[in-house]
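Peer 1: For reference, this is final-v5.txt, and it has compact mmCIF, C-alpha atoms.
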```txt
# COMPACT_ATOMS: atom_id res chain seq x y z
CA MET A 1 0.00 0.00 0.00
CA LYS A 2 1.24 3.45 -0.76
CA LYS A 3 2.40 5.51 2.20
CA ILE A 4 -0.16 8.24 1.50
CA THR A 5 -2.98 5.73 1.93
CA PHE A 6 -1.65 4.71 5.32
CA LEU A 7 -1.15 8.30 6.50
CA THR A 8 -4.70 9.19 5.50
CA PHE A 9 -6.06 6.20 7.39
CA ILE A 10 -4.13 7.07 10.56
CA ALA A 11 -5.33 10.68 10.33
CA VAL A 12 -8.92 9.52 10.32
CA ILE A 13 -8.36 7.43 13.46
CA ALA A 14 -6.47 10.16 15.30
CA LEU A 15 -8.96 12.93 14.50
CA GLN A 16 -12.11 10.88 14.36
CA ASN A 17 -13.94 12.88 17.08
CA LEU A 18 -13.61 16.32 15.49
CA TYR A 19 -16.12 17.76 12.95
CA ALA A 20 -17.59 21.06 11.84
CA GLN A 21 -21.34 21.79 12.06
CA GLU A 22 -21.44 23.55 8.69
CA GLN A 23 -19.66 20.65 7.07
CA PRO A 24 -20.63 16.98 6.70
CA ASN A 25 -20.95 15.48 10.16
CA PRO A 26 -20.49 11.69 9.90
CA ILE A 27 -20.53 9.51 13.00
CA PRO A 28 -17.08 8.01 13.77
CA THR A 29 -16.66 4.50 15.19
CA ALA A 30 -13.96 1.97 15.89
CA ALA A 31 -13.63 -1.10 13.63
CA PRO A 32 -15.89 0.17 10.80
CA PHE A 33 -15.04 -2.97 8.79
CA LEU A 34 -17.79 -4.68 10.83
CA LEU A 35 -20.36 -2.77 8.75
CA ILE A 36 -19.09 -3.89 5.33
CA ALA A 37 -21.51 -6.19 3.51
CA PRO A 38 -19.44 -9.35 2.96
CA ASP A 39 -21.18 -11.41 0.27
CA ALA A 40 -22.02 -10.87 -3.38
CA ARG A 41 -25.70 -11.79 -3.14
CA SER A 42 -26.47 -8.89 -0.79
CA GLY A 43 -23.89 -6.84 -2.69
CA GLY A 44 -26.07 -7.17 -5.78
CA LEU A 45 -29.15 -6.06 -3.82
CA GLY A 46 -27.75 -2.76 -2.57
CA ASP A 47 -26.25 -4.33 0.60
CA ILE A 48 -29.69 -5.53 1.78
CA GLY A 49 -29.89 -8.60 4.03
CA ALA A 50 -32.10 -8.23 7.12
CA SER A 51 -35.24 -9.67 5.50
CA THR A 52 -34.02 -11.63 2.49
CA SER A 53 -34.34 -15.42 2.48
CA ALA A 54 -31.83 -17.33 4.60
CA ASP A 55 -28.45 -18.26 3.10
CA ALA A 56 -24.93 -19.08 4.24
CA PHE A 57 -24.09 -15.40 4.88
CA SER A 58 -27.05 -14.51 7.12
CA GLN A 59 -24.73 -14.10 10.14
CA HIS A 60 -23.76 -10.56 9.15
CA TYR A 61 -27.29 -9.31 8.48
CA ASN A 62 -29.65 -11.32 10.68
CA ALA A 63 -28.61 -14.57 12.37
CA ALA A 64 -32.26 -15.37 13.19
CA LYS A 65 -32.71 -16.32 9.53
CA TYR A 66 -30.67 -19.49 10.05
CA ALA A 67 -33.65 -21.12 11.80
CA PHE A 68 -35.43 -20.89 8.42
CA MET A 69 -32.64 -22.02 6.09
CA PRO A 70 -33.59 -24.80 3.66
CA ALA A 71 -30.58 -27.11 4.23
CA GLN A 72 -29.22 -28.82 7.30
CA TYR A 73 -25.73 -27.43 6.67
CA SER A 74 -24.57 -24.35 4.84
CA LEU A 75 -21.00 -23.21 4.14
CA GLY A 76 -20.07 -19.86 2.59
CA ILE A 77 -16.78 -18.33 1.41
CA TYR A 78 -16.31 -14.77 0.16
CA TYR A 79 -13.57 -12.47 -1.10
CA THR A 80 -13.84 -8.73 -1.78
CA PRO A 81 -10.95 -6.59 -3.11
CA TRP A 82 -10.86 -3.19 -1.38
CA LEU A 83 -9.54 0.06 -2.90
CA GLN A 84 -8.69 -1.91 -6.01
CA GLU A 85 -7.92 1.22 -8.05
CA LEU A 86 -5.26 2.32 -5.53
CA THR A 87 -3.67 -0.90 -4.30
CA ASN A 88 -3.78 -4.66 -4.79
CA ASP A 89 -3.10 -5.91 -1.26
CA VAL A 90 -6.19 -4.71 0.64
CA PHE A 91 -9.14 -7.10 0.84
CA LEU A 92 -11.99 -8.44 2.95
CA GLY A 93 -12.47 -12.19 3.11
CA GLY A 94 -14.08 -14.78 5.30
CA VAL A 95 -15.96 -18.01 5.86
CA ASN A 96 -19.40 -18.79 7.34
CA PHE A 97 -20.86 -22.08 8.54
CA ALA A 98 -24.36 -22.87 9.79
CA ASN A 99 -26.03 -26.03 11.07
CA ARG A 100 -29.82 -26.26 11.34
CA ILE A 101 -30.06 -28.60 14.29
CA ASN A 102 -33.75 -29.38 13.86
CA GLU A 103 -37.01 -27.83 12.69
CA ARG A 104 -36.77 -25.06 15.29
CA SER A 105 -33.13 -24.16 15.91
CA SER A 106 -29.67 -23.68 14.45
CA TRP A 107 -26.17 -22.59 15.35
CA SER A 108 -23.65 -20.76 13.19
CA ALA A 109 -20.14 -19.32 13.17
CA SER A 110 -18.13 -16.99 10.97
CA LEU A 111 -14.66 -15.53 10.54
CA ASN A 112 -14.21 -12.17 8.81
CA TYR A 113 -10.73 -10.89 8.01
CA PHE A 114 -9.87 -7.39 6.75
CA ASN A 115 -6.30 -7.16 5.43
CA LEU A 116 -5.04 -3.56 5.24
CA GLY A 117 -1.91 -4.42 3.31
CA GLU A 118 1.80 -4.00 3.90
CA ILE A 119 3.30 -0.68 5.00
CA ASP A 120 6.89 0.07 3.95
CA LEU A 121 8.53 2.14 6.69
CA THR A 122 11.34 4.64 6.17
CA ASP A 123 13.26 6.99 8.43
CA SER A 124 13.48 10.77 7.96
CA GLY A 125 16.18 10.24 5.35
CA GLY A 126 14.08 7.84 3.29
CA VAL A 127 16.06 4.77 4.29
CA PRO A 128 13.87 1.63 4.58
CA THR A 129 13.44 0.49 8.17
CA GLY A 130 11.08 -2.45 7.78
CA THR A 131 7.61 -3.56 6.80
CA GLU A 132 4.45 -3.84 8.88
CA LYS A 133 1.15 -5.59 8.18
CA LEU A 134 -2.11 -4.15 9.50
CA ASN A 135 -5.31 -6.14 9.83
CA GLU A 136 -8.65 -6.48 11.57
CA PHE A 137 -10.80 -9.56 12.11
CA SER A 138 -13.88 -10.83 13.89
CA LEU A 139 -14.79 -14.32 15.05
CA ASP A 140 -18.37 -14.98 16.10
CA GLY A 141 -20.93 -17.61 16.93
CA ALA A 142 -24.72 -17.45 16.99
CA TYR A 143 -27.74 -19.45 18.12
CA SER A 144 -31.14 -19.07 16.42
CA LEU A 145 -34.51 -20.36 17.60
CA LYS A 146 -38.00 -20.36 16.12
CA LEU A 147 -40.43 -18.97 18.68
CA SER A 148 -43.35 -19.86 16.39
CA GLU A 149 -43.82 -21.34 12.95
CA ASN A 150 -43.24 -17.95 11.36
CA TYR A 151 -41.00 -15.99 13.75
CA GLY A 152 -37.54 -16.61 15.15
CA MET A 153 -34.82 -14.78 17.05
CA GLY A 154 -31.06 -15.04 17.21
CA ILE A 155 -28.21 -13.96 19.47
CA THR A 156 -24.60 -13.57 18.35
CA LEU A 157 -21.42 -13.22 20.40
CA ARG A 158 -18.50 -11.67 18.52
CA TYR A 159 -14.80 -11.29 19.31
CA VAL A 160 -13.18 -8.35 17.51
CA ARG A 161 -9.50 -7.52 17.09
CA SER A 162 -8.37 -4.35 15.32
CA ASP A 163 -4.60 -4.00 14.93
CA LEU A 164 -3.71 -0.64 13.38
CA GLY A 165 -0.47 0.03 15.25
CA ILE A 166 3.10 -0.11 13.95
CA GLU A 167 5.38 -1.39 16.68
CA SER A 168 8.59 -0.64 14.81
CA ALA A 169 7.54 3.01 14.51
CA ASN A 170 6.88 3.36 18.26
CA THR A 171 3.34 4.39 17.47
CA VAL A 172 0.81 5.32 20.16
CA ILE A 173 -1.87 3.32 18.34
CA THR A 174 -2.46 0.04 20.16
CA PRO A 175 -4.47 -3.05 19.11
CA VAL A 176 -8.10 -3.28 20.19
CA ASN A 177 -9.53 -6.52 21.59
CA THR A 178 -13.19 -6.59 22.57
CA PHE A 179 -16.48 -8.50 22.48
CA THR A 180 -19.82 -7.42 21.05
CA VAL A 181 -23.33 -8.89 20.91
CA ASP A 182 -26.06 -8.96 18.23
CA ILE A 183 -29.79 -9.48 18.81
CA SER A 184 -31.91 -10.26 15.75
CA GLY A 185 -35.41 -11.31 14.73
CA PHE A 186 -36.95 -12.66 11.52
CA TYR A 187 -40.52 -13.20 10.31
CA GLN A 188 -41.48 -15.30 7.28
CA SER A 189 -45.14 -15.88 6.42
CA ASP A 190 -46.69 -18.99 4.96
CA GLU A 191 -47.17 -18.98 1.21
CA GLU A 192 -50.45 -17.18 0.43
CA ASN A 193 -52.54 -16.97 -2.73
CA PHE A 194 -53.19 -13.51 -4.22
CA GLY A 195 -55.17 -14.55 -7.30
CA ASP A 196 -52.77 -14.67 -10.23
CA PHE A 197 -49.74 -15.38 -8.06
CA ASN A 198 -48.70 -16.65 -4.64
CA GLY A 199 -46.67 -14.61 -2.19
CA VAL A 200 -44.55 -14.70 0.95
CA TRP A 201 -43.96 -11.78 3.34
CA ARG A 202 -40.68 -11.32 5.17
CA ALA A 203 -39.44 -8.86 7.80
CA GLY A 204 -36.35 -8.69 9.95
CA PHE A 205 -34.27 -6.63 12.36
CA ASN A 206 -30.77 -6.80 13.77
CA ILE A 207 -29.10 -4.71 16.46
CA SER A 208 -25.45 -5.52 15.89
CA ASN A 209 -22.08 -4.83 17.53
CA MET A 210 -23.37 -3.83 20.96
CA GLY A 211 -20.33 -3.52 23.19
CA PRO A 212 -18.18 -1.25 25.37
CA LYS A 213 -16.10 1.60 24.06
CA VAL A 214 -12.49 0.85 23.10
CA SER A 215 -9.25 2.79 22.90
CA TYR A 216 -6.66 2.75 20.12
CA SER A 217 -4.22 4.90 22.06
CA THR A 218 -2.41 5.01 25.39
CA ASP A 219 -3.86 8.44 26.21
CA GLY A 220 -7.20 6.87 27.13
CA GLN A 221 -9.29 8.43 24.35
CA GLU A 222 -12.12 5.99 23.60
CA SER A 223 -14.17 5.22 20.50
CA TYR A 224 -17.60 3.65 20.16
CA MET A 225 -18.09 0.30 18.49
CA PRO A 226 -20.29 0.49 15.34
CA THR A 227 -23.58 -0.50 16.99
CA ASN A 228 -26.12 -0.56 14.17
CA LEU A 229 -29.88 -0.99 13.86
CA ARG A 230 -30.98 -2.76 10.67
CA LEU A 231 -34.70 -3.01 9.71
CA GLY A 232 -36.01 -4.59 6.53
CA GLY A 233 -39.06 -5.97 4.81
CA GLY A 234 -39.79 -7.76 1.55
CA PHE A 235 -42.25 -9.75 -0.52
CA ASP A 236 -41.85 -12.74 -2.84
CA PHE A 237 -44.04 -12.75 -5.95
CA ILE A 238 -44.22 -16.47 -6.76
CA LEU A 239 -45.48 -16.31 -10.35
CA ASP A 240 -45.38 -20.08 -11.02
CA ASN A 241 -43.24 -23.12 -10.25
CA TYR A 242 -40.28 -21.62 -12.13
CA ASN A 243 -40.42 -17.83 -11.80
CA LYS A 244 -40.16 -15.70 -8.66
CA VAL A 245 -39.58 -11.97 -8.15
CA THR A 246 -38.57 -10.55 -4.76
CA LEU A 247 -38.75 -6.87 -3.79
CA THR A 248 -37.02 -5.75 -0.58
CA THR A 249 -36.30 -2.53 1.27
CA GLU A 250 -34.05 -1.82 4.25
CA PHE A 251 -33.16 0.98 6.66
CA ASN A 252 -30.03 1.32 8.82
CA LYS A 253 -29.07 3.68 11.63
CA LEU A 254 -25.91 3.79 13.72
CA LEU A 255 -26.81 3.70 17.43
CA VAL A 256 -23.76 5.80 18.25
CA PRO A 257 -23.68 9.39 19.59
CA THR A 258 -23.46 12.16 17.02
CA PRO A 259 -20.62 14.68 17.58
CA ASN A 260 -22.50 17.49 19.38
CA VAL A 261 -20.19 18.92 22.08
CA PRO A 262 -19.02 22.46 21.04
CA PHE A 263 -15.27 22.71 20.54
CA GLY A 264 -14.92 26.24 19.20
CA ASP A 265 -15.14 27.61 15.65
CA GLY A 266 -18.33 25.63 15.02
CA LYS A 267 -16.58 22.31 15.66
CA TYR A 268 -17.90 19.41 17.70
CA LEU A 269 -16.63 16.47 19.70
CA GLN A 270 -18.43 13.20 20.33
CA PRO A 271 -19.95 13.19 23.85
CA ASP A 272 -18.36 10.95 26.47
CA LYS A 273 -21.16 8.53 27.38
CA GLY A 274 -21.43 4.86 28.19
CA PHE A 275 -22.20 2.70 25.17
CA PHE A 276 -25.75 1.85 26.33
CA GLU A 277 -26.58 5.47 27.17
CA GLY A 278 -25.15 6.44 23.80
CA MET A 279 -27.36 3.88 22.03
CA ILE A 280 -30.55 5.24 23.63
CA GLY A 281 -29.57 8.87 23.11
CA SER A 282 -28.53 8.38 19.48
CA PHE A 283 -32.13 8.94 18.34
CA SER A 284 -32.23 12.53 19.57
CA ASP A 285 -28.70 13.92 20.01
CA ALA A 286 -27.85 15.43 16.60
CA PRO A 287 -26.96 19.17 16.85
CA GLY A 288 -29.08 19.79 13.74
CA GLY A 289 -32.21 18.40 15.38
CA GLY A 290 -34.76 16.18 13.67
CA LYS A 291 -33.51 17.02 10.19
CA GLU A 292 -30.02 15.74 10.98
CA GLU A 293 -31.45 12.68 12.74
CA MET A 294 -33.23 11.73 9.52
CA GLN A 295 -29.98 12.20 7.60
CA GLU A 296 -28.41 9.50 9.78
CA ILE A 297 -30.76 6.85 8.37
CA THR A 298 -29.58 5.04 5.25
CA TRP A 299 -32.07 3.30 2.97
CA ALA A 300 -31.82 0.74 0.21
CA LEU A 301 -34.04 -0.97 -2.35
CA GLY A 302 -33.37 -4.35 -3.93
CA ALA A 303 -34.98 -6.61 -6.54
CA GLU A 304 -34.20 -10.22 -7.40
CA TYR A 305 -35.55 -12.41 -10.20
CA MET A 306 -35.07 -16.16 -9.80
CA TYR A 307 -35.69 -18.88 -12.39
CA ASN A 308 -36.22 -22.45 -11.20
CA ASP A 309 -34.10 -21.79 -8.08
CA ALA A 310 -31.07 -22.09 -10.40
CA PHE A 311 -30.42 -18.66 -11.90
CA SER A 312 -30.87 -15.17 -10.42
CA LEU A 313 -30.60 -11.59 -11.60
CA ARG A 314 -30.37 -8.77 -9.04
CA THR A 315 -30.23 -5.02 -8.80
CA GLY A 316 -30.27 -2.53 -5.94
CA TYR A 317 -29.76 1.04 -4.83
CA PHE A 318 -28.21 2.30 -1.57
CA HIS A 319 -28.49 5.88 -0.31
CA GLU A 320 -26.70 7.70 2.51
CA SER A 321 -26.95 11.45 3.10
CA LYS A 322 -24.05 13.53 1.77
CA PHE A 323 -23.69 14.94 5.30
CA LYS A 324 -23.21 11.48 6.86
CA GLY A 325 -20.78 9.75 4.51
CA SER A 326 -22.33 10.16 1.05
CA ARG A 327 -22.35 6.48 0.12
CA GLN A 328 -24.71 6.36 -2.85
CA PHE A 329 -24.54 3.60 -5.42
CA MET A 330 -26.41 1.20 -7.68
CA THR A 331 -25.61 -2.50 -7.91
CA LEU A 332 -26.05 -5.38 -10.31
CA GLY A 333 -25.67 -9.04 -9.51
CA ALA A 334 -26.24 -12.58 -10.65
CA GLY A 335 -26.39 -16.01 -9.04
CA PHE A 336 -25.83 -19.49 -10.45
CA LYS A 337 -26.75 -22.70 -8.64
CA PHE A 338 -25.10 -26.03 -9.50
CA LYS A 339 -26.70 -28.83 -7.48
CA SER A 340 -25.63 -27.97 -3.90
CA ALA A 341 -23.25 -25.12 -4.83
CA ARG A 342 -24.09 -21.50 -5.58
CA LEU A 343 -21.88 -18.81 -7.08
CA ASP A 344 -22.89 -15.16 -6.66
CA LEU A 345 -21.39 -12.14 -8.41
CA SER A 346 -22.02 -8.41 -7.98
CA TYR A 347 -20.80 -5.10 -9.36
CA LEU A 348 -21.17 -1.58 -7.94
CA PHE A 349 -21.82 1.67 -9.84
CA ASN A 350 -21.01 4.74 -7.76
CA THR A 351 -23.58 7.57 -8.04
CA ALA A 352 -22.02 9.97 -5.48
CA ASP A 353 -19.41 12.67 -6.00
CA ILE A 354 -16.90 10.94 -3.71
CA ASN A 355 -15.07 7.75 -4.59
CA ASN A 356 -16.33 4.39 -3.34
CA PRO A 357 -13.74 1.75 -2.30
CA LEU A 358 -15.70 -0.88 -4.28
CA GLU A 359 -15.89 1.12 -7.50
CA ASN A 360 -15.11 -0.96 -10.59
CA THR A 361 -14.79 -4.08 -8.43
CA LEU A 362 -16.28 -7.48 -9.22
CA ARG A 363 -17.22 -9.24 -5.99
CA PHE A 364 -17.91 -12.94 -5.64
CA SER A 365 -19.01 -15.44 -3.00
CA LEU A 366 -19.41 -19.20 -3.07
CA SER A 367 -21.72 -21.27 -0.88
CA PHE A 368 -22.68 -24.92 -0.42
CA ASP A 369 -25.90 -26.39 1.01
CA PHE A 370 -25.87 -30.04 2.02
CA GLY A 371 -27.46 -32.55 4.39
CA GLU A 372 -31.16 -32.92 5.11
CA LEU A 373 -33.55 -30.52 3.34
CA TYR A 374 -36.34 -28.61 5.10
CA GLU A 375 -39.46 -26.95 3.73
CA ILE A 376 -38.82 -23.31 2.89
CA TYR A 377 -42.34 -22.03 3.61
```
Can you give me the file's structure in the form of structure tokens?

Peer 2:
Amino acid sequence: MKKITFLTFIAVIALQNLYAQEQPNPIPTAAPFLLIAPDARSGGLGDIGASTSADAFSQHYNAAKYAFMPAQYSLGIYYTPWLQELTNDVFLGGVNFANRINERSSWSASLNYFNLGEIDLTDSGGVPTGTEKLNEFSLDGAYSLKLSENYGMGITLRYVRSDLGIESANTVITPVNTFTVDISGFYQSDEENFGDFNGVWRAGFNISNMGPKVSYSTDGQESYMPTNLRLGGGFDFILDNYNKVTLTTEFNKLLVPTPNVPFGDGKYLQPDKGFFEGMIGSFSDAPGGGKEEMQEITWALGAEYMYNDAFSLRTGYFHESKFKGSRQFMTLGAGFKFKSARLDLSYLFNTADINNPLENTLRFSLSFDFGELYEIY
């Protein structure tokens, strides 16, 4: 990775609590890689996943969906290049595994690894002094249980390590080690007849990455974990035995305090609160009032056409306010199923004025379903 990329990244961490009211006012967090959509299926749907049908990668979006997955076992592998136009050694990759124990319950686990590349170090005279590798990863496990025929809940425990320090440079940035918890719920209706077609309703929520504040530095300054509320709903139009169209929408909001403590010259610091108090207060703490609170909600729309459960075409749109990060993009995707294996691909088209790290990047994920089969609806 080029040195300028590393310096920019460190600057963001070091100054992450300082913003101007007249300027964009995004919400800073530690370990933001935890919010990256990992798989290509959701990547083709505008990063939607709270209320889509269960698959191998449900752990990230809504672990409660695993109690509704069609196979006894599901294994998923994904790989996503990151900042591909700037460097070739930054990527996000991982593996997911789920086991539906019986008709009512399942357990699952996943490993997500974010490689930030190699950093070539030099002294003040430009003489090489060594190389460092930066990375972040999470390891988690979940249990999901159907509370009724149509509704289930899940709980996830996650270990997170974020290593952004360079020991050979005597940096003040230290590794972060912490635990977080997710609580999720998922509803899936029985198949209903609507005249010319059948249909299935779905809805889901996930409150992810709930955990204590962490510190990257020895000076005691703490950052909030990226606690996030995800809400979604969708409907399957089952046209016949071969053709199905799914429409889905989703909303996300960080449950993290907005910078609102005056710091002079119209600048603000994040308030120093406990993580739970910060979660509750995050709905009403923006210095811009209700208007800014609404800007903190991202929304997305996704559509998927499936033929004979073997071939899928997808598209989606994701929108975030220009004052809160300005992630705005359209996506296209496709899926191919070969017996028990499924390959998903997606591509992102940036629609915002700022660059997107996934611009001009082809993402892919591979999953396998095996063992006993269960009824989907």

Peer 1: Kindly indicate which residue among A:Ile48, A:Ile238, A:Ala30, A:Val160 lies nearest to Gln221 of chain A, using all atoms listed in the file for the distances.

Peer 2: A:Ala30

Peer 1: Nearest residue to Pro81 of chain A out of A:Tyr305, A:Phe364, A:Phe57, A:Phe179, using all atoms listed in the file?

Peer 2: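 Checking each candidate against Pro81 of chain A, we get A:Phe364 as the closest.
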
Peer 1: Calculate how many Å separate atom CA of Glu192 of chain A from atom CA of Met153 of chain A, rounding to one decimal.

Peer 2: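 Calculated distance between atom CA of Glu192 of chain A and atom CA of Met153 of chain A is 22.9 Å.
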
Peer 1: Residues within 8 Å of segment 333-338 of chain A, please, as a tab-separated table (two decimals) with C-alpha atoms, keeping the file's coordinate frame. Count only C-alpha atoms; anything in the same chain fewer than 3 positions from it doesn't count.

Peer 2:
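The resulting file, out.tsv, is reproduced below:
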```tsv
chain	number	residue	atom	x	y	z
A	40	ALA	CA	-22.02	-10.87	-3.38
A	41	ARG	CA	-25.70	-11.79	-3.14
A	43	GLY	CA	-23.89	-6.84	-2.69
A	44	GLY	CA	-26.07	-7.17	-5.78
A	45	LEU	CA	-29.15	-6.06	-3.82
A	309	ASP	CA	-34.10	-21.79	-8.08
A	310	ALA	CA	-31.07	-22.09	-10.40
A	311	PHE	CA	-30.42	-18.66	-11.90
A	312	SER	CA	-30.87	-15.17	-10.42
A	313	LEU	CA	-30.60	-11.59	-11.60
A	314	ARG	CA	-30.37	-8.77	-9.04
A	315	THR	CA	-30.23	-5.02	-8.80
A	341	ALA	CA	-23.25	-25.12	-4.83
A	342	ARG	CA	-24.09	-21.50	-5.58
A	343	LEU	CA	-21.88	-18.81	-7.08
A	344	ASP	CA	-22.89	-15.16	-6.66
A	345	LEU	CA	-21.39	-12.14	-8.41
A	346	SER	CA	-22.02	-8.41	-7.98
A	347	TYR	CA	-20.80	-5.10	-9.36
```

Peer 1: Could you name the residues that touch Gly220 of chain A at 12 Å or less, counting all atoms listed in the file, but leaving out those on the same chain fewer than 4 positions away, as a PyMOL selection string?

Peer 2: chain A and resi 172-174+213-216+272

Peer 1: Could you state the separation of atom CA of Ser184 of chain A and atom CA of Ile376 of chain A in Å, given to one decimal place?

Peer 2: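 Interatomic distance here is 19.6 Å.
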
Peer 1: Which residues, written as a list in words, have at least one atom at most 10 Å from Asn25 of chain A, with all atoms listed in the file counted and residues fewer than 5 positions away on the same chain left out?

Peer 2: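 Residues meeting the cut-off are Leu18, Tyr19, Ala20, Thr258, Pro259, Asn260, Lys267, Tyr268, Ala286, Pro287, Gly288, Glu292, Gln295, Glu296, Lys322, Phe323, Lys324 and Gly325 of chain A.
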
Peer 1: Just checking: using all atoms listed in the file, which residue out of A:Thr248, A:Thr361, A:Ser138, A:Ser74 ends up closest to Thr156 of chain A?

Peer 2: A:Ser138

Peer 1: Might you pull out every residue within 9 Å of Ser51 of chain A, with all atoms listed in the file counted and same-chain residues fewer than 5 positions away left off, and present them as a list in words?

Peer 2: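 Using all atoms listed in the file, the neighbours found are Tyr61, Asn62, Lys65, Phe186, Tyr187, Gln188, Arg202, Ala203, Gly204, Phe205, Leu231, Gly232, Gly233, Gly234, Thr248, Thr249 and Glu250 of chain A.
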
Peer 1: Would you save the residues of that selection, restricted to C-alpha atoms, as an mmCIF file, keeping the file's coordinate frame?

Peer 2:
```cif
data_model
loop_
_atom_site.group_PDB
_atom_site.id
_atom_site.type_symbol
_atom_site.label_atom_id
_atom_site.label_comp_id
_atom_site.auth_asym_id
_atom_site.auth_seq_id
_atom_site.Cartn_x
_atom_site.Cartn_y
_atom_site.Cartn_z
ATOM 1 C CA TYR A 61 -27.290 -9.310 8.480
ATOM 2 C CA ASN A 62 -29.650 -11.320 10.680
ATOM 3 C CA LYS A 65 -32.710 -16.320 9.530
ATOM 4 C CA PHE A 186 -36.950 -12.660 11.520
ATOM 5 C CA TYR A 187 -40.520 -13.200 10.310
ATOM 6 C CA GLN A 188 -41.480 -15.300 7.280
ATOM 7 C CA ARG A 202 -40.680 -11.320 5.170
ATOM 8 C CA ALA A 203 -39.440 -8.860 7.800
ATOM 9 C CA GLY A 204 -36.350 -8.690 9.950
ATOM 10 C CA PHE A 205 -34.270 -6.630 12.360
ATOM 11 C CA LEU A 231 -34.700 -3.010 9.710
ATOM 12 C CA GLY A 232 -36.010 -4.590 6.530
ATOM 13 C CA GLY A 233 -39.060 -5.970 4.810
ATOM 14 C CA GLY A 234 -39.790 -7.760 1.550
ATOM 15 C CA THR A 248 -37.020 -5.750 -0.580
ATOM 16 C CA THR A 249 -36.300 -2.530 1.270
ATOM 17 C CA GLU A 250 -34.050 -1.820 4.250
#
```

Peer 1: Name the residues within 9 Å of (-18.1, -12.3, 7.1), counting all atoms listed in the file in the file's coordinates, and put them as a ChimeraX atom specification.

Peer 2: /A:34,36-39,57,59-60,77-78,92-96,110-113,138-139

Peer 1: Show me, as a PyMOL selection string, the residues that have an atom within 12 Å of Trp82 of chain A when counting all atoms listed in the file, minus same-chain residues fewer than 3 positions from it.

Peer 2: chain A and resi 1+33+36+38+79+85-93+114-117+356-363

Peer 1: Hey, can you pull every residue with an atom no more than 8 Å from (-43.6, -12.9, -2.7), using only C-alpha atoms, and send it as an MDAnalysis selection string?

Peer 2: chainID A and resid 198:201 234:238 244:247

Peer 1: Please compute the atom CA of Phe283 of chain A-atom CA of Phe329 of chain A distance, one decimal, in Å.

Peer 2: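 Result for atom CA of Phe283 of chain A versus atom CA of Phe329 of chain A: 25.5 Å, one decimal.
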
Peer 1: Nearest residue to Lys133 of chain A out of A:Ser340, A:Thr29, A:Ser162, A:Asn355, using all atoms listed in the file?

Peer 2: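 Closest to Lys133 of chain A of all the choices is A:Ser162.
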
Peer 1: The centre and edge lengths of an axis-aligned box containing all atoms of segment 135-142 of chain A present in the file, extended by 6 Å on each side, are to be given in Å to one decimal, as AutoDock Vina command-line options.

Peer 2:
```
--center_x -15.0 --center_y -11.9 --center_z 13.4 --size_x 31.4 --size_y 23.5 --size_z 19.2
```

Peer 1: Since the input is missing atoms for segment 349-360 of chain A, could you rebuild it with N, CA and C atoms and give the result as a tab-separated table (two decimals), keeping the file's coordinate frame?

Peer 2:
```
chain	number	residue	atom	x	y	z
A	349	PHE	N	-21.94	0.44	-9.07
A	349	PHE	CA	-21.82	1.67	-9.84
A	349	PHE	C	-22.00	2.85	-8.89
A	350	ASN	N	-20.94	3.61	-8.68
A	350	ASN	CA	-21.01	4.74	-7.76
A	350	ASN	C	-21.85	5.87	-8.36
A	351	THR	N	-22.76	6.45	-7.57
A	351	THR	CA	-23.58	7.57	-8.04
A	351	THR	C	-23.32	8.84	-7.23
A	352	ALA	N	-22.36	8.81	-6.30
A	352	ALA	CA	-22.02	9.97	-5.48
A	352	ALA	C	-20.80	10.69	-6.05
A	353	ASP	N	-20.55	11.89	-5.53
A	353	ASP	CA	-19.41	12.67	-6.00
A	353	ASP	C	-18.08	12.17	-5.43
A	354	ILE	N	-18.13	11.46	-4.31
A	354	ILE	CA	-16.90	10.94	-3.71
A	354	ILE	C	-16.66	9.52	-4.18
A	355	ASN	N	-15.42	9.09	-4.13
A	355	ASN	CA	-15.07	7.75	-4.59
A	355	ASN	C	-15.57	6.69	-3.61
A	356	ASN	N	-15.92	5.53	-4.15
A	356	ASN	CA	-16.33	4.39	-3.34
A	356	ASN	C	-15.23	3.34	-3.41
A	357	PRO	N	-14.83	2.74	-2.28
A	357	PRO	CA	-13.74	1.75	-2.30
A	357	PRO	C	-14.05	0.51	-3.13
A	358	LEU	N	-15.33	0.28	-3.47
A	358	LEU	CA	-15.70	-0.88	-4.28
A	358	LEU	C	-15.98	-0.52	-5.73
A	359	GLU	N	-15.68	0.70	-6.12
A	359	GLU	CA	-15.89	1.12	-7.50
A	359	GLU	C	-15.10	0.23	-8.46
A	360	ASN	N	-15.76	-0.15	-9.56
A	360	ASN	CA	-15.11	-0.96	-10.59
A	360	ASN	C	-14.54	-2.26	-10.05
```
